[in-house]
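**Q** Starting off with a structure, shown below.
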Amino acid sequence: MNDQAPAITISSSAAKRVAWLAEQEGNPDLMLRITVSGGGCSGFQYGFSFDSAINDDDKTFQTDGTKAVIDEMSLDILNGSEVDFVEDLMGASFRINNPNATASCGCGTSFAI
């Protein structure tokens, strides 16, 4: 856990969804792993997966007992972001509200900085 103010925040909605998915998997140790990689239509894209391991270069963030884990390189790009979970007419998904993104595409998973 970080001693400083969180570099990212996890919304209550996202925390509840991660907890529910971990329960469905029968593994309460699962954390939401967030990554940034090159690609997508705007240059970078977000990746979401579940993991129960914390690597040496990972930072963890917690809301309501739910953890997210992010590697240091991705965290540089995500600094100040909020992880949210939304359900709308397009479906249900995790979304990143990233103040560092200068542009994003319609799908919401690709962005430019």
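To be explicit about the labels: the chains of the structure tokens are called A, B, and onward in the order shown, and within each one the residues are counted from 1, while ligands get numbers from 1 in the order they are shown.
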Check chain A with DSSP on the backbone and list each residue it calls strand (DSSP E), as number ranges by chain.
**A** A: 8-10, 31-38, 44-51, 58-63, 66-71, 81-88, 91-97, 103-104, 110-112
**Q** Show me, as a list in words, the residues that have an atom within 8 Å of Leu30 in chain A when counting only C-alpha atoms, minus same-chain residues fewer than 6 positions from it.
**A**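 The residues satisfying every condition are Ala22, Phe50, Asp51 and Ser52 of chain A.
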**Q** Please provide as a list of chain:residue names all residues within 6 Å of range 61-68 of chain A, with the sequence filter that same-chain residues fewer than 4 positions apart are discarded (counting only C-alpha atoms).
**A**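 The residues satisfying every condition are A:Ile10, A:Ala15, A:Met31, A:Leu32, A:Arg33.
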**Q** Write out, as a compact mmCIF listing (two decimals), in the first residue's frame, the residues just selected, with C-alpha atoms.
**A**
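Final output, result.txt:
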# COMPACT_ATOMS: atom_id res chain seq x y z
CA ILE A 10 -11.09 3.36 -7.45
CA ALA A 15 -14.72 -1.71 -6.07
CA MET A 31 -7.15 -7.86 -7.57
CA LEU A 32 -7.94 -5.79 -10.64
CA ARG A 33 -4.73 -5.47 -12.68
**Q** Which value, in Å to one decimal, gives the distance between CA of Glu87 in chain A and CA of Ser37 in chain A?
**A**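 Distance between the two atoms: 24.5 Å.
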**Q** To test your reading of the structure, identify every residue in chain A that backbone DSSP assigns to alpha helix (DSSP H), and report it as a ChimeraX atom specification.
**A** /A:12-25,72-78
**Q** Can I get the selection written as an mmCIF file, in the first residue's frame, with N, CA, C and O atoms?
**A**
data_model
loop_
_atom_site.group_PDB
_atom_site.id
_atom_site.type_symbol
_atom_site.label_atom_id
_atom_site.label_comp_id
_atom_site.auth_asym_id
_atom_site.auth_seq_id
_atom_site.Cartn_x
_atom_site.Cartn_y
_atom_site.Cartn_z
ATOM 1 N N SER A 12 -16.407 3.586 -5.956
ATOM 2 C CA SER A 12 -17.156 2.602 -5.184
ATOM 3 C C SER A 12 -17.798 1.569 -6.111
ATOM 4 O O SER A 12 -17.831 0.376 -5.812
ATOM 5 N N SER A 13 -18.284 2.021 -7.259
ATOM 6 C CA SER A 13 -18.891 1.125 -8.241
ATOM 7 C C SER A 13 -17.881 0.098 -8.754
ATOM 8 O O SER A 13 -18.190 -1.090 -8.869
ATOM 9 N N ALA A 14 -16.660 0.547 -9.050
ATOM 10 C CA ALA A 14 -15.617 -0.373 -9.523
ATOM 11 C C ALA A 14 -15.221 -1.344 -8.420
ATOM 12 O O ALA A 14 -15.031 -2.537 -8.669
ATOM 13 N N ALA A 15 -15.095 -0.850 -7.191
ATOM 14 C CA ALA A 15 -14.723 -1.715 -6.066
ATOM 15 C C ALA A 15 -15.766 -2.810 -5.860
ATOM 16 O O ALA A 15 -15.423 -3.983 -5.660
ATOM 17 N N LYS A 16 -17.041 -2.441 -5.933
ATOM 18 C CA LYS A 16 -18.109 -3.434 -5.767
ATOM 19 C C LYS A 16 -18.067 -4.487 -6.870
ATOM 20 O O LYS A 16 -18.268 -5.669 -6.624
ATOM 21 N N ARG A 17 -17.794 -4.057 -8.103
ATOM 22 C CA ARG A 17 -17.758 -5.007 -9.223
ATOM 23 C C ARG A 17 -16.581 -5.957 -9.096
ATOM 24 O O ARG A 17 -16.713 -7.161 -9.351
ATOM 25 N N VAL A 18 -15.420 -5.454 -8.711
ATOM 26 C CA VAL A 18 -14.251 -6.315 -8.521
ATOM 27 C C VAL A 18 -14.531 -7.327 -7.412
ATOM 28 O O VAL A 18 -14.253 -8.521 -7.567
ATOM 29 N N ALA A 19 -15.112 -6.878 -6.315
ATOM 30 C CA ALA A 19 -15.438 -7.783 -5.203
ATOM 31 C C ALA A 19 -16.418 -8.862 -5.661
ATOM 32 O O ALA A 19 -16.261 -10.040 -5.319
ATOM 33 N N TRP A 20 -17.416 -8.481 -6.435
ATOM 34 C CA TRP A 20 -18.406 -9.444 -6.934
ATOM 35 C C TRP A 20 -17.750 -10.460 -7.864
ATOM 36 O O TRP A 20 -18.009 -11.662 -7.760
ATOM 37 N N LEU A 21 -16.897 -9.988 -8.775
ATOM 38 C CA LEU A 21 -16.219 -10.903 -9.703
ATOM 39 C C LEU A 21 -15.272 -11.845 -8.964
ATOM 40 O O LEU A 21 -15.188 -13.033 -9.296
ATOM 41 N N ALA A 22 -14.558 -11.346 -7.961
ATOM 42 C CA ALA A 22 -13.671 -12.202 -7.166
ATOM 43 C C ALA A 22 -14.486 -13.274 -6.445
ATOM 44 O O ALA A 22 -14.075 -14.440 -6.367
ATOM 45 N N GLU A 23 -15.657 -12.885 -5.940
ATOM 46 C CA GLU A 23 -16.536 -13.846 -5.273
ATOM 47 C C GLU A 23 -17.017 -14.916 -6.265
ATOM 48 O O GLU A 23 -17.058 -16.100 -5.936
ATOM 49 N N GLN A 24 -17.364 -14.497 -7.476
ATOM 50 C CA GLN A 24 -17.808 -15.439 -8.500
ATOM 51 C C GLN A 24 -16.710 -16.447 -8.850
ATOM 52 O O GLN A 24 -16.988 -17.603 -9.161
ATOM 53 N N GLU A 25 -15.458 -15.989 -8.802
ATOM 54 C CA GLU A 25 -14.307 -16.857 -9.093
ATOM 55 C C GLU A 25 -13.922 -17.703 -7.885
ATOM 56 O O GLU A 25 -13.087 -18.605 -8.004
ATOM 57 N N GLU A 72 4.650 0.093 -12.374
ATOM 58 C CA GLU A 72 5.147 1.467 -12.301
ATOM 59 C C GLU A 72 5.098 2.195 -13.634
ATOM 60 O O GLU A 72 4.788 3.382 -13.685
ATOM 61 N N MET A 73 5.392 1.500 -14.749
ATOM 62 C CA MET A 73 5.390 2.156 -16.055
ATOM 63 C C MET A 73 3.974 2.611 -16.426
ATOM 64 O O MET A 73 3.775 3.735 -16.875
ATOM 65 N N SER A 74 2.989 1.748 -16.192
ATOM 66 C CA SER A 74 1.597 2.126 -16.470
ATOM 67 C C SER A 74 1.145 3.234 -15.531
ATOM 68 O O SER A 74 0.394 4.131 -15.927
ATOM 69 N N LEU A 75 1.607 3.184 -14.286
ATOM 70 C CA LEU A 75 1.204 4.181 -13.298
ATOM 71 C C LEU A 75 1.660 5.579 -13.695
ATOM 72 O O LEU A 75 0.956 6.556 -13.432
ATOM 73 N N ASP A 76 2.817 5.691 -14.348
ATOM 74 C CA ASP A 76 3.274 7.002 -14.818
ATOM 75 C C ASP A 76 2.231 7.645 -15.733
ATOM 76 O O ASP A 76 2.000 8.853 -15.676
ATOM 77 N N ILE A 77 1.588 6.857 -16.571
ATOM 78 C CA ILE A 77 0.594 7.356 -17.521
ATOM 79 C C ILE A 77 -0.771 7.539 -16.855
ATOM 80 O O ILE A 77 -1.547 8.402 -17.230
ATOM 81 N N LEU A 78 -1.058 6.721 -15.838
ATOM 82 C CA LEU A 78 -2.364 6.744 -15.179
ATOM 83 C C LEU A 78 -2.440 7.664 -13.963
ATOM 84 O O LEU A 78 -3.504 7.800 -13.363
#
**Q** If you count only C-alpha atoms, which residues fall within 9 Å of Val86 in chain A, apart from same-chain ones fewer than 2 positions away, as a VMD selection string?
**A** chain A and resid 13 to 14 84 88 91 to 95
**Q** Can you tell me how far CA of Ala7 in chain A sits from CA of Pro28 in chain A, in Å to one decimal?
**A**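 Result for CA of Ala7 in chain A versus CA of Pro28 in chain A: 23.9 Å, one decimal.
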